[in-house]
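*Asks:* Got query-v1.cif for you, mmCIF, C-alpha atoms:
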data_query
#
loop_
_atom_site.label_atom_id
_atom_site.label_comp_id
_atom_site.auth_asym_id
_atom_site.auth_seq_id
_atom_site.Cartn_x
_atom_site.Cartn_y
_atom_site.Cartn_z
CA MET A 715 -171.50 54.00 134.69
CA HIS A 716 -172.29 50.30 135.06
CA GLU A 717 -172.34 47.19 132.95
CA GLY A 718 -174.84 45.26 135.02
CA ILE A 719 -174.80 42.58 137.68
CA TRP A 720 -171.55 40.62 137.60
CA TYR A 721 -171.59 38.35 140.65
CA ILE A 722 -173.18 37.68 144.01
CA VAL A 723 -171.38 36.83 147.23
CA VAL A 724 -173.24 34.45 149.54
CA ALA A 725 -172.18 34.31 153.19
CA VAL A 726 -172.07 30.69 154.36
CA LYS A 727 -170.97 28.96 157.55
CA ASP A 728 -169.01 26.18 155.87
CA VAL A 729 -167.82 26.83 152.34
CA ALA A 730 -166.91 23.21 151.61
CA GLN A 731 -170.40 22.05 152.57
CA ALA A 732 -172.02 24.91 150.62
CA ALA A 733 -169.97 24.08 147.50
CA LYS A 734 -171.05 20.44 147.85
CA ASP A 735 -174.70 21.46 148.16
CA TYR A 736 -174.55 23.84 145.20
CA GLU A 737 -173.06 21.09 143.07
CA GLU A 738 -175.21 18.17 144.22
CA LYS A 739 -178.51 19.99 144.66
CA LEU A 740 -178.36 22.80 142.13
CA GLY A 741 -175.99 21.28 139.59
CA LEU A 742 -173.66 24.28 139.88
CA LYS A 743 -170.05 23.19 140.16
CA ALA A 744 -167.34 25.31 141.80
CA SER A 745 -164.30 26.09 139.66
CA GLY A 746 -161.94 24.64 142.29
CA PRO A 747 -161.51 23.84 145.98
CA PRO A 748 -162.04 26.46 148.71
CA LEU A 749 -159.14 28.90 148.94
CA GLU A 750 -158.33 31.34 151.70
CA ALA A 751 -158.28 35.04 150.89
CA PRO A 752 -156.93 36.42 154.19
CA GLN A 753 -156.93 40.02 152.89
CA LEU A 754 -160.72 39.71 152.49
CA GLY A 755 -161.16 37.70 155.70
CA ILE A 756 -162.80 34.82 153.88
CA LYS A 757 -162.37 31.32 152.53
CA ARG A 758 -164.20 31.02 149.23
CA VAL A 759 -165.11 29.18 146.09
CA VAL A 760 -166.26 30.60 142.78
CA VAL A 761 -169.28 28.92 141.16
CA PRO A 762 -169.43 29.98 137.49
CA LEU A 763 -172.85 30.42 135.88
CA GLY A 764 -172.27 28.60 132.61
CA GLU A 765 -170.57 30.68 129.96
CA THR A 766 -172.10 33.98 131.06
CA GLY A 767 -169.00 35.29 132.84
CA GLN A 768 -171.21 35.71 135.90
CA PHE A 769 -170.65 33.71 139.05
CA ILE A 770 -171.72 33.04 142.60
CA GLU A 771 -169.03 33.35 145.25
CA LEU A 772 -169.60 31.26 148.37
CA ALA A 773 -167.71 32.88 151.24
CA GLU A 774 -167.02 31.60 154.76
CA PRO A 775 -165.58 34.06 157.27
CA LEU A 776 -162.03 33.33 158.42
CA GLY A 777 -162.25 35.33 161.61
CA GLU A 778 -164.88 36.90 163.80
CA ASN A 779 -164.28 40.41 162.65
CA SER A 780 -164.88 40.11 158.92
CA ALA A 781 -167.72 41.75 156.99
CA VAL A 782 -168.97 38.33 155.88
CA GLY A 783 -168.87 37.15 159.51
CA ARG A 784 -170.97 40.12 160.58
CA THR A 785 -173.54 39.35 157.85
CA LEU A 786 -173.72 35.76 159.10
CA GLU A 787 -174.18 36.84 162.70
CA ARG A 788 -176.82 39.40 161.90
CA ARG A 789 -178.87 37.64 159.25
CA GLY A 790 -177.63 34.06 158.98
CA GLU A 791 -176.60 32.57 155.68
CA GLY A 792 -177.58 34.49 152.56
CA ILE A 793 -176.53 37.22 150.19
CA HIS A 794 -173.72 39.42 151.42
CA THR A 795 -173.02 41.63 148.40
CA VAL A 796 -174.05 42.08 144.79
CA THR A 797 -171.32 43.34 142.48
CA LEU A 798 -172.08 45.73 139.66
CA ALA A 799 -169.47 45.88 136.96
CA VAL A 800 -168.45 49.46 136.21
CA ASP A 801 -166.07 50.83 133.63
CA ASP A 802 -164.28 53.17 136.05
CA VAL A 803 -164.62 52.42 139.76
CA ARG A 804 -162.89 55.64 140.92
CA ARG A 805 -165.12 57.82 138.79
CA ALA A 806 -168.22 55.92 139.90
CA ALA A 807 -167.21 56.36 143.56
CA GLU A 808 -166.58 60.09 143.07
CA GLU A 809 -169.93 60.57 141.33
CA LEU A 810 -171.72 58.80 144.16
CA LYS A 811 -169.91 60.81 146.83
CA ALA A 812 -170.77 64.03 145.00
CA ARG A 813 -174.42 63.01 145.36
CA GLY A 814 -173.98 62.53 149.11
CA VAL A 815 -173.98 58.75 148.97
CA ARG A 816 -171.96 56.92 151.61
CA VAL A 817 -169.24 55.03 149.78
CA MET A 818 -167.07 52.58 151.71
CA GLU A 819 -163.58 52.03 150.39
CA VAL A 820 -161.86 48.97 151.81
CA GLY A 821 -158.46 48.77 150.19
CA ALA A 822 -159.22 48.71 146.48
CA GLN A 823 -162.79 47.58 147.09
CA VAL A 824 -165.65 50.04 146.77
CA PHE A 825 -169.06 49.46 148.34
CA ILE A 826 -172.20 51.57 148.57
CA HIS A 827 -173.59 51.73 152.09
CA PRO A 828 -176.86 49.78 152.39
CA ALA A 829 -178.44 52.73 154.18
CA ASP A 830 -178.37 54.56 150.83
CA THR A 831 -179.65 51.65 148.75
CA HIS A 832 -182.62 50.33 150.74
CA GLY A 833 -180.70 47.49 152.28
CA VAL A 834 -178.49 46.19 149.47
CA LEU A 835 -174.69 46.15 149.87
CA TRP A 836 -173.65 46.89 146.27
CA GLN A 837 -170.01 46.50 145.36
CA LEU A 838 -168.62 48.34 142.34
CA ARG A 839 -165.83 46.69 140.42
CA VAL A 840 -164.13 46.85 137.05
CA LYS A 841 -164.67 43.58 135.19
CA GLU A 842 -161.57 41.46 134.71
CA MET B 256 -179.86 24.86 132.57
CA HIS B 257 -179.32 28.53 133.27
CA GLU B 258 -178.26 31.65 131.46
CA GLY B 259 -177.05 33.60 134.46
CA ILE B 260 -178.36 36.28 136.77
CA TRP B 261 -181.17 38.24 135.17
CA TYR B 262 -182.59 40.52 137.87
CA ILE B 263 -182.79 41.17 141.59
CA VAL B 264 -185.91 42.02 143.57
CA VAL B 265 -185.37 44.40 146.48
CA ALA B 266 -188.05 44.51 149.19
CA VAL B 267 -188.71 48.14 150.16
CA LYS B 268 -191.19 49.86 152.47
CA ASP B 269 -192.13 52.63 150.05
CA VAL B 270 -191.48 51.99 146.38
CA ALA B 271 -191.95 55.61 145.29
CA GLN B 272 -189.33 56.76 147.81
CA ALA B 273 -186.99 53.92 146.87
CA ALA B 274 -187.30 54.75 143.16
CA LYS B 275 -186.53 58.40 143.96
CA ASP B 276 -183.46 57.38 145.97
CA TYR B 277 -182.17 54.99 143.31
CA GLU B 278 -182.46 57.76 140.73
CA GLU B 279 -181.13 60.67 142.76
CA LYS B 280 -178.43 58.85 144.72
CA LEU B 281 -177.37 56.03 142.42
CA GLY B 282 -178.24 57.57 139.06
CA LEU B 283 -180.42 54.55 138.21
CA LYS B 284 -183.73 55.65 136.74
CA ALA B 285 -186.90 53.53 136.88
CA SER B 286 -188.55 52.76 133.56
CA GLY B 287 -191.88 54.19 134.75
CA PRO B 288 -194.01 55.00 137.78
CA PRO B 289 -194.84 52.37 140.44
CA LEU B 290 -197.49 49.91 139.24
CA GLU B 291 -199.53 47.47 141.29
CA ALA B 292 -199.19 43.77 140.53
CA PRO B 293 -201.92 42.38 142.80
CA GLN B 294 -201.30 38.78 141.65
CA LEU B 295 -197.78 39.10 143.11
CA GLY B 296 -198.93 41.09 146.14
CA ILE B 297 -196.64 44.00 145.33
CA LYS B 298 -196.37 47.51 143.94
CA ARG B 299 -193.18 47.78 141.91
CA VAL B 300 -190.89 49.64 139.59
CA VAL B 301 -188.31 48.25 137.22
CA VAL B 302 -184.88 49.92 137.23
CA PRO B 303 -182.99 48.88 134.08
CA LEU B 304 -179.22 48.44 134.29
CA GLY B 305 -178.19 50.25 131.14
CA GLU B 306 -178.43 48.19 127.99
CA THR B 307 -177.59 44.88 129.69
CA GLY B 308 -181.17 43.58 129.77
CA GLN B 309 -180.67 43.15 133.52
CA PHE B 310 -182.66 45.15 136.03
CA ILE B 311 -183.41 45.81 139.67
CA GLU B 312 -187.04 45.49 140.71
CA LEU B 313 -188.02 47.57 143.72
CA ALA B 314 -191.05 45.95 145.35
CA GLU B 315 -193.33 47.23 148.11
CA PRO B 316 -195.79 44.75 149.65
CA LEU B 317 -199.45 45.48 148.96
CA GLY B 318 -200.77 43.45 151.87
CA GLU B 319 -199.49 41.89 155.05
CA ASN B 320 -199.50 38.38 153.75
CA SER B 321 -197.19 38.70 150.74
CA ALA B 322 -193.79 37.05 150.41
CA VAL B 323 -192.15 40.48 150.03
CA GLY B 324 -193.98 41.65 153.17
CA ARG B 325 -192.61 38.68 155.11
CA THR B 326 -189.06 39.47 153.93
CA LEU B 327 -189.51 43.05 155.12
CA GLU B 328 -190.82 41.96 158.51
CA ARG B 329 -188.10 39.40 159.06
CA ARG B 330 -185.05 41.19 157.71
CA GLY B 331 -186.01 44.74 156.90
CA GLU B 332 -185.35 46.25 153.49
CA GLY B 333 -183.00 44.33 151.21
CA ILE B 334 -182.77 41.61 148.61
CA HIS B 335 -185.84 39.41 148.35
CA THR B 336 -185.02 37.21 145.35
CA VAL B 337 -182.40 36.76 142.67
CA THR B 338 -183.70 35.52 139.34
CA LEU B 339 -181.68 33.13 137.23
CA ALA B 340 -182.71 32.97 133.59
CA VAL B 341 -183.25 29.39 132.45
CA ASP B 342 -184.12 28.03 129.03
CA ASP B 343 -186.86 25.70 130.31
CA VAL B 344 -188.32 26.44 133.72
CA ARG B 345 -190.38 23.22 133.95
CA ARG B 346 -187.42 21.01 133.12
CA ALA B 347 -185.19 22.91 135.57
CA ALA B 348 -187.83 22.47 138.30
CA GLU B 349 -188.16 18.74 137.59
CA GLU B 350 -184.39 18.25 137.63
CA LEU B 351 -184.16 20.03 140.98
CA LYS B 352 -187.00 18.02 142.47
CA ALA B 353 -185.38 14.79 141.26
CA ARG B 354 -182.33 15.82 143.32
CA GLY B 355 -184.52 16.29 146.41
CA VAL B 356 -184.44 20.09 146.29
CA ARG B 357 -187.47 21.90 147.65
CA VAL B 358 -189.00 23.80 144.75
CA MET B 359 -191.82 26.24 145.42
CA GLU B 360 -194.26 26.79 142.59
CA VAL B 361 -196.45 29.85 143.03
CA GLY B 362 -198.68 30.04 139.97
CA ALA B 363 -196.24 30.14 137.06
CA GLN B 364 -193.40 31.28 139.33
CA VAL B 365 -190.73 28.80 140.40
CA PHE B 366 -188.47 29.36 143.41
CA ILE B 367 -185.82 27.26 145.10
CA HIS B 368 -186.28 27.08 148.85
CA PRO B 369 -183.53 29.05 150.70
CA ALA B 370 -182.99 26.08 153.01
CA ASP B 371 -181.47 24.27 150.02
CA THR B 372 -179.35 27.19 148.79
CA HIS B 373 -177.68 28.50 151.97
CA GLY B 374 -180.10 31.34 152.41
CA VAL B 375 -180.73 32.66 148.89
CA LEU B 376 -184.24 32.68 147.43
CA TRP B 377 -183.45 31.96 143.78
CA GLN B 378 -186.23 32.35 141.24
CA LEU B 379 -186.02 30.51 137.91
CA ARG B 380 -187.55 32.16 134.90
CA VAL B 381 -187.44 32.02 131.14
CA LYS B 382 -186.09 35.27 129.77
CA GLU B 383 -188.58 37.40 127.89
#
Could you rewrite the structure in this file as structure tokens?
*Replies:*
Amino acid sequence: MHEGIWYIVVAVKDVAQAAKDYEEKLGLKASGPPLEAPQLGIKRVVVPLGETGQFIELAEPLGENSAVGRTLERRGEGIHTVTLAVDDVRRAAEELKARGVRVMEVGAQVFIHPADTHGVLWQLRVKE
Amino acid sequence: MHEGIWYIVVAVKDVAQAAKDYEEKLGLKASGPPLEAPQLGIKRVVVPLGETGQFIELAEPLGENSAVGRTLERRGEGIHTVTLAVDDVRRAAEELKARGVRVMEVGAQVFIHPADTHGVLWQLRVKE
């Protein structure tokens, strides 16, 4: 079903500041300036992890009613989602639903409800 | 410095139940029964992610005063740490400290303080 952990989304209050900190403190440089993704309700940067194809996404909520904004409110800054690469996201979602797992489909995005995963918001996505 | 995301530790209240749920609901089977790691203050199982070499560790605190126990108390079940594979953990730690980053060394384990990473407890470890 899956090809492992692909990327992690970190909810942050100020994505420009977070990108600066990741570069200056951790030596991890974003691939470009923060860009708005209104359909996801976030402003974000991608921080590649070397040549692995993996990355960290730093995401600032654009509005009050975004999923990232709710994570920030509830828990403060920290991990919002972990994305597992899968070869077929529809099939994976159907298999999970057949097992009684709560799958959340937001547009083309598929998430597993944290209540079924002991607190982790896993996203499933086909690797690009 | 790093070779990407290696594994994720999930703090859970009951590792046997969590392992059962990951297998039955998510189709992710632990590599063996829960084992105690008293030096880490946890009882844990490893849940391999296919053939990727990556895994999820489900960790239940053994005592009240463990780091995993504090995560559980503060935030409930969910991600405790994300481990980045590095080629030289000592050198990585020294580089971080030279940049003024708070590095926590617990025995042979090296962590970056979440206050310097916008809320993520990154562990650095040489891949085995």
*Asks:* Each residue of chain A lying at most 8 Å from chain B should get a row with its shortest atom-to-atom pair and the distance in Å to one decimal, counting all atoms listed in the file; could you produce that, ordered by chain and increasing number, as CSV?
*Replies:*
residue,atom,partner,partner_atom,distance
A:His716,CA,B:Gly305,CA,7.1
A:Glu717,CA,B:Thr307,CA,6.6
A:Gly718,CA,B:Leu304,CA,5.5
A:Ile719,CA,B:Gln309,CA,7.2
A:Val724,CA,B:Val375,CA,7.7
A:Val726,CA,B:His373,CA,6.5
A:Ala732,CA,B:His373,CA,6.8
A:Asp735,CA,B:Thr372,CA,7.4
A:Tyr736,CA,B:Thr372,CA,6.9
A:Glu738,CA,B:Arg354,CA,7.6
A:Lys739,CA,B:Arg354,CA,5.8
A:Leu740,CA,B:Leu351,CA,6.5
A:Leu763,CA,B:Gly259,CA,5.5
A:Gly764,CA,B:Glu258,CA,6.8
A:Glu765,CA,B:Glu258,CA,7.9
A:Thr766,CA,B:Gly259,CA,6.0
A:Gln768,CA,B:Gly259,CA,6.4
A:Phe769,CA,B:Gly259,CA,7.9
A:Arg789,CA,B:Arg330,CA,7.3
A:Gly790,CA,B:Gly374,CA,7.5
A:Glu791,CA,B:Gly374,CA,4.9
A:Gly792,CA,B:Gly374,CA,4.0
A:Ile793,CA,B:Val375,CA,6.3
A:Leu810,CA,B:Leu281,CA,6.5
A:Arg813,CA,B:Lys280,CA,5.8
A:Gly814,CA,B:Lys280,CA,7.3
A:Val815,CA,B:Lys280,CA,6.2
A:Asp830,CA,B:Lys280,CA,7.5
A:Thr831,CA,B:Tyr277,CA,6.9
A:His832,CA,B:Glu332,CA,5.6
A:Gly833,CA,B:Gly333,CA,4.1
A:Val834,CA,B:Gly333,CA,5.2
*Asks:* Give me a file of those residues, with C-alpha atoms, as a PDB file, in the coordinates of the input.
*Replies:*
ATOM      1  CA  HIS A 716    -172.290  50.300 135.060  1.00  0.00           C
ATOM      2  CA  GLU A 717    -172.340  47.190 132.950  1.00  0.00           C
ATOM      3  CA  GLY A 718    -174.840  45.260 135.020  1.00  0.00           C
ATOM      4  CA  ILE A 719    -174.800  42.580 137.680  1.00  0.00           C
ATOM      5  CA  VAL A 724    -173.240  34.450 149.540  1.00  0.00           C
ATOM      6  CA  VAL A 726    -172.070  30.690 154.360  1.00  0.00           C
ATOM      7  CA  ALA A 732    -172.020  24.910 150.620  1.00  0.00           C
ATOM      8  CA  ASP A 735    -174.700  21.460 148.160  1.00  0.00           C
ATOM      9  CA  TYR A 736    -174.550  23.840 145.200  1.00  0.00           C
ATOM     10  CA  GLU A 738    -175.210  18.170 144.220  1.00  0.00           C
ATOM     11  CA  LYS A 739    -178.510  19.990 144.660  1.00  0.00           C
ATOM     12  CA  LEU A 740    -178.360  22.800 142.130  1.00  0.00           C
ATOM     13  CA  LEU A 763    -172.850  30.420 135.880  1.00  0.00           C
ATOM     14  CA  GLY A 764    -172.270  28.600 132.610  1.00  0.00           C
ATOM     15  CA  GLU A 765    -170.570  30.680 129.960  1.00  0.00           C
ATOM     16  CA  THR A 766    -172.100  33.980 131.060  1.00  0.00           C
ATOM     17  CA  GLN A 768    -171.210  35.710 135.900  1.00  0.00           C
ATOM     18  CA  PHE A 769    -170.650  33.710 139.050  1.00  0.00           C
ATOM     19  CA  ARG A 789    -178.870  37.640 159.250  1.00  0.00           C
ATOM     20  CA  GLY A 790    -177.630  34.060 158.980  1.00  0.00           C
ATOM     21  CA  GLU A 791    -176.600  32.570 155.680  1.00  0.00           C
ATOM     22  CA  GLY A 792    -177.580  34.490 152.560  1.00  0.00           C
ATOM     23  CA  ILE A 793    -176.530  37.220 150.190  1.00  0.00           C
ATOM     24  CA  LEU A 810    -171.720  58.800 144.160  1.00  0.00           C
ATOM     25  CA  ARG A 813    -174.420  63.010 145.360  1.00  0.00           C
ATOM     26  CA  GLY A 814    -173.980  62.530 149.110  1.00  0.00           C
ATOM     27  CA  VAL A 815    -173.980  58.750 148.970  1.00  0.00           C
ATOM     28  CA  ASP A 830    -178.370  54.560 150.830  1.00  0.00           C
ATOM     29  CA  THR A 831    -179.650  51.650 148.750  1.00  0.00           C
ATOM     30  CA  HIS A 832    -182.620  50.330 150.740  1.00  0.00           C
ATOM     31  CA  GLY A 833    -180.700  47.490 152.280  1.00  0.00           C
ATOM     32  CA  VAL A 834    -178.490  46.190 149.470  1.00  0.00           C
TER      33      VAL A 834
END
*Asks:* For His368 (chain B), which residue among B:Val264, B:Val341, B:Ala285, B:Ala348 is the nearest when counting only C-alpha atoms?
*Replies:*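 Result for the nearest residue to His368 (chain B): B:Ala348.
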*Asks:* Pick out the closest residue to Ala822 (chain A) from this set: A:Leu838, A:Ala730, A:Glu808, A:Pro752. Count all atoms listed in the file.
*Replies:* A:Leu838
*Asks:* Put chain A on top of chain B with a least-squares fit on all C-alpha atoms, paired in order, and send it back as a PDB file with C-alpha atoms, in the frame of the given file.
*Replies:*
ATOM      1  CA  MET A 715    -179.832  24.856 132.555  1.00  0.00           C
ATOM      2  CA  HIS A 716    -179.316  28.556 133.263  1.00  0.00           C
ATOM      3  CA  GLU A 717    -178.271  31.670 131.436  1.00  0.00           C
ATOM      4  CA  GLY A 718    -177.058  33.595 134.450  1.00  0.00           C
ATOM      5  CA  ILE A 719    -178.360  36.270 136.776  1.00  0.00           C
ATOM      6  CA  TRP A 720    -181.183  38.231 135.163  1.00  0.00           C
ATOM      7  CA  TYR A 721    -182.600  40.495 137.869  1.00  0.00           C
ATOM      8  CA  ILE A 722    -182.800  41.158 141.582  1.00  0.00           C
ATOM      9  CA  VAL A 723    -185.916  42.002 143.560  1.00  0.00           C
ATOM     10  CA  VAL A 724    -185.380  44.377 146.481  1.00  0.00           C
ATOM     11  CA  ALA A 725    -188.049  44.510 149.187  1.00  0.00           C
ATOM     12  CA  VAL A 726    -188.705  48.128 150.171  1.00  0.00           C
ATOM     13  CA  LYS A 727    -191.191  49.851 152.457  1.00  0.00           C
ATOM     14  CA  ASP A 728    -192.119  52.635 150.051  1.00  0.00           C
ATOM     15  CA  VAL A 729    -191.486  51.992 146.379  1.00  0.00           C
ATOM     16  CA  ALA A 730    -191.942  55.614 145.311  1.00  0.00           C
ATOM     17  CA  GLN A 731    -189.329  56.771 147.817  1.00  0.00           C
ATOM     18  CA  ALA A 732    -186.975  53.915 146.868  1.00  0.00           C
ATOM     19  CA  ALA A 733    -187.294  54.751 143.150  1.00  0.00           C
ATOM     20  CA  LYS A 734    -186.514  58.391 143.978  1.00  0.00           C
ATOM     21  CA  ASP A 735    -183.450  57.369 145.985  1.00  0.00           C
ATOM     22  CA  TYR A 736    -182.172  54.995 143.305  1.00  0.00           C
ATOM     23  CA  GLU A 737    -182.471  57.750 140.728  1.00  0.00           C
ATOM     24  CA  GLU A 738    -181.130  60.667 142.768  1.00  0.00           C
ATOM     25  CA  LYS A 739    -178.435  58.846 144.721  1.00  0.00           C
ATOM     26  CA  LEU A 740    -177.361  56.041 142.419  1.00  0.00           C
ATOM     27  CA  GLY A 741    -178.239  57.566 139.060  1.00  0.00           C
ATOM     28  CA  LEU A 742    -180.424  54.566 138.202  1.00  0.00           C
ATOM     29  CA  LYS A 743    -183.733  55.656 136.733  1.00  0.00           C
ATOM     30  CA  ALA A 744    -186.896  53.533 136.882  1.00  0.00           C
ATOM     31  CA  SER A 745    -188.551  52.758 133.553  1.00  0.00           C
ATOM     32  CA  GLY A 746    -191.879  54.203 134.746  1.00  0.00           C
ATOM     33  CA  PRO A 747    -194.013  54.996 137.789  1.00  0.00           C
ATOM     34  CA  PRO A 748    -194.844  52.370 140.437  1.00  0.00           C
ATOM     35  CA  LEU A 749    -197.502  49.931 139.256  1.00  0.00           C
ATOM     36  CA  GLU A 750    -199.525  47.485 141.294  1.00  0.00           C
ATOM     37  CA  ALA A 751    -199.181  43.787 140.551  1.00  0.00           C
ATOM     38  CA  PRO A 752    -201.937  42.401 142.809  1.00  0.00           C
ATOM     39  CA  GLN A 753    -201.316  38.803 141.659  1.00  0.00           C
ATOM     40  CA  LEU A 754    -197.792  39.113 143.110  1.00  0.00           C
ATOM     41  CA  GLY A 755    -198.934  41.117 146.147  1.00  0.00           C
ATOM     42  CA  ILE A 756    -196.628  44.000 145.331  1.00  0.00           C
ATOM     43  CA  LYS A 757    -196.367  47.503 143.946  1.00  0.00           C
ATOM     44  CA  ARG A 758    -193.187  47.809 141.914  1.00  0.00           C
ATOM     45  CA  VAL A 759    -190.895  49.655 139.588  1.00  0.00           C
ATOM     46  CA  VAL A 760    -188.308  48.241 137.221  1.00  0.00           C
ATOM     47  CA  VAL A 761    -184.882  49.924 137.236  1.00  0.00           C
ATOM     48  CA  PRO A 762    -183.003  48.871 134.077  1.00  0.00           C
ATOM     49  CA  LEU A 763    -179.229  48.434 134.287  1.00  0.00           C
ATOM     50  CA  GLY A 764    -178.185  50.260 131.138  1.00  0.00           C
ATOM     51  CA  GLU A 765    -178.418  48.186 127.994  1.00  0.00           C
ATOM     52  CA  THR A 766    -177.593  44.883 129.684  1.00  0.00           C
ATOM     53  CA  GLY A 767    -181.166  43.570 129.773  1.00  0.00           C
ATOM     54  CA  GLN A 768    -180.677  43.144 133.515  1.00  0.00           C
ATOM     55  CA  PHE A 769    -182.669  45.138 136.023  1.00  0.00           C
ATOM     56  CA  ILE A 770    -183.417  45.801 139.656  1.00  0.00           C
ATOM     57  CA  GLU A 771    -187.044  45.486 140.706  1.00  0.00           C
ATOM     58  CA  LEU A 772    -188.028  47.570 143.726  1.00  0.00           C
ATOM     59  CA  ALA A 773    -191.055  45.944 145.348  1.00  0.00           C
ATOM     60  CA  GLU A 774    -193.337  47.218 148.119  1.00  0.00           C
ATOM     61  CA  PRO A 775    -195.795  44.753 149.637  1.00  0.00           C
ATOM     62  CA  LEU A 776    -199.466  45.481 148.961  1.00  0.00           C
ATOM     63  CA  GLY A 777    -200.788  43.475 151.868  1.00  0.00           C
ATOM     64  CA  GLU A 778    -199.515  41.900 155.043  1.00  0.00           C
ATOM     65  CA  ASN A 779    -199.493  38.393 153.740  1.00  0.00           C
ATOM     66  CA  SER A 780    -197.191  38.700 150.745  1.00  0.00           C
ATOM     67  CA  ALA A 781    -193.774  37.063 150.395  1.00  0.00           C
ATOM     68  CA  VAL A 782    -192.149  40.485 150.019  1.00  0.00           C
ATOM     69  CA  GLY A 783    -193.965  41.658 153.167  1.00  0.00           C
ATOM     70  CA  ARG A 784    -192.624  38.686 155.102  1.00  0.00           C
ATOM     71  CA  THR A 785    -189.065  39.460 153.924  1.00  0.00           C
ATOM     72  CA  LEU A 786    -189.505  43.048 155.116  1.00  0.00           C
ATOM     73  CA  GLU A 787    -190.811  41.961 158.499  1.00  0.00           C
ATOM     74  CA  ARG A 788    -188.107  39.402 159.047  1.00  0.00           C
ATOM     75  CA  ARG A 789    -185.044  41.167 157.694  1.00  0.00           C
ATOM     76  CA  GLY A 790    -186.009  44.748 156.873  1.00  0.00           C
ATOM     77  CA  GLU A 791    -185.347  46.244 153.483  1.00  0.00           C
ATOM     78  CA  GLY A 792    -182.999  44.330 151.201  1.00  0.00           C
ATOM     79  CA  ILE A 793    -182.793  41.605 148.612  1.00  0.00           C
ATOM     80  CA  HIS A 794    -185.849  39.403 148.354  1.00  0.00           C
ATOM     81  CA  THR A 795    -185.026  37.199 145.360  1.00  0.00           C
ATOM     82  CA  VAL A 796    -182.402  36.756 142.674  1.00  0.00           C
ATOM     83  CA  THR A 797    -183.704  35.501 139.341  1.00  0.00           C
ATOM     84  CA  LEU A 798    -181.692  33.117 137.218  1.00  0.00           C
ATOM     85  CA  ALA A 799    -182.704  32.972 133.601  1.00  0.00           C
ATOM     86  CA  VAL A 800    -183.241  29.394 132.450  1.00  0.00           C
ATOM     87  CA  ASP A 801    -184.106  28.029 129.046  1.00  0.00           C
ATOM     88  CA  ASP A 802    -186.830  25.685 130.318  1.00  0.00           C
ATOM     89  CA  VAL A 803    -188.297  26.428 133.745  1.00  0.00           C
ATOM     90  CA  ARG A 804    -190.368  23.206 133.937  1.00  0.00           C
ATOM     91  CA  ARG A 805    -187.391  21.030 133.120  1.00  0.00           C
ATOM     92  CA  ALA A 806    -185.194  22.927 135.574  1.00  0.00           C
ATOM     93  CA  ALA A 807    -187.823  22.480 138.312  1.00  0.00           C
ATOM     94  CA  GLU A 808    -188.141  18.751 137.575  1.00  0.00           C
ATOM     95  CA  GLU A 809    -184.366  18.274 137.637  1.00  0.00           C
ATOM     96  CA  LEU A 810    -184.139  20.038 140.981  1.00  0.00           C
ATOM     97  CA  LYS A 811    -187.000  18.023 142.465  1.00  0.00           C
ATOM     98  CA  ALA A 812    -185.370  14.806 141.258  1.00  0.00           C
ATOM     99  CA  ARG A 813    -182.332  15.825 143.313  1.00  0.00           C
ATOM    100  CA  GLY A 814    -184.503  16.298 146.403  1.00  0.00           C
ATOM    101  CA  VAL A 815    -184.439  20.078 146.287  1.00  0.00           C
ATOM    102  CA  ARG A 816    -187.473  21.903 147.652  1.00  0.00           C
ATOM    103  CA  VAL A 817    -188.997  23.797 144.752  1.00  0.00           C
ATOM    104  CA  MET A 818    -191.826  26.244 145.422  1.00  0.00           C
ATOM    105  CA  GLU A 819    -194.268  26.797 142.601  1.00  0.00           C
ATOM    106  CA  VAL A 820    -196.459  29.854 143.038  1.00  0.00           C
ATOM    107  CA  GLY A 821    -198.679  30.058 139.996  1.00  0.00           C
ATOM    108  CA  ALA A 822    -196.246  30.125 137.094  1.00  0.00           C
ATOM    109  CA  GLN A 823    -193.397  31.254 139.331  1.00  0.00           C
ATOM    110  CA  VAL A 824    -190.727  28.794 140.405  1.00  0.00           C
ATOM    111  CA  PHE A 825    -188.475  29.370 143.409  1.00  0.00           C
ATOM    112  CA  ILE A 826    -185.820  27.259 145.102  1.00  0.00           C
ATOM    113  CA  HIS A 827    -186.272  27.092 148.859  1.00  0.00           C
ATOM    114  CA  PRO A 828    -183.540  29.041 150.682  1.00  0.00           C
ATOM    115  CA  ALA A 829    -182.999  26.087 153.002  1.00  0.00           C
ATOM    116  CA  ASP A 830    -181.466  24.263 150.019  1.00  0.00           C
ATOM    117  CA  THR A 831    -179.353  27.177 148.804  1.00  0.00           C
ATOM    118  CA  HIS A 832    -177.688  28.493 151.969  1.00  0.00           C
ATOM    119  CA  GLY A 833    -180.112  31.330 152.416  1.00  0.00           C
ATOM    120  CA  VAL A 834    -180.720  32.636 148.895  1.00  0.00           C
ATOM    121  CA  LEU A 835    -184.253  32.676 147.439  1.00  0.00           C
ATOM    122  CA  TRP A 836    -183.455  31.943 143.777  1.00  0.00           C
ATOM    123  CA  GLN A 837    -186.224  32.336 141.245  1.00  0.00           C
ATOM    124  CA  LEU A 838    -186.009  30.502 137.924  1.00  0.00           C
ATOM    125  CA  ARG A 839    -187.551  32.156 134.911  1.00  0.00           C
ATOM    126  CA  VAL A 840    -187.443  32.003 131.138  1.00  0.00           C
ATOM    127  CA  LYS A 841    -186.086  35.277 129.765  1.00  0.00           C
ATOM    128  CA  GLU A 842    -188.586  37.398 127.872  1.00  0.00           C
TER     129      GLU A 842
END
*Asks:* Could you work out how far CA of Glu383 (chain B) lies from CA of Pro288 (chain B), giving the answer in Å with one decimal?
*Replies:*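 Those two atoms sit 20.9 Å apart.
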*Asks:* Mind giving me the straight-line distance from CA of Val803 (chain A) to CA of Val817 (chain A) in Å, one decimal?
*Replies:*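 Rounded to one decimal, the two atoms are 11.3 Å apart.
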*Asks:* Let me make sure I understand: among B:Leu327, B:Lys275, B:Ser321, B:Ala340, which one has the smallest atom-to-atom distance to Gln294 (chain B) if we use all atoms listed in the file?
*Replies:*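 Of the candidates, the smallest distance to Gln294 (chain B) is held by B:Ser321.
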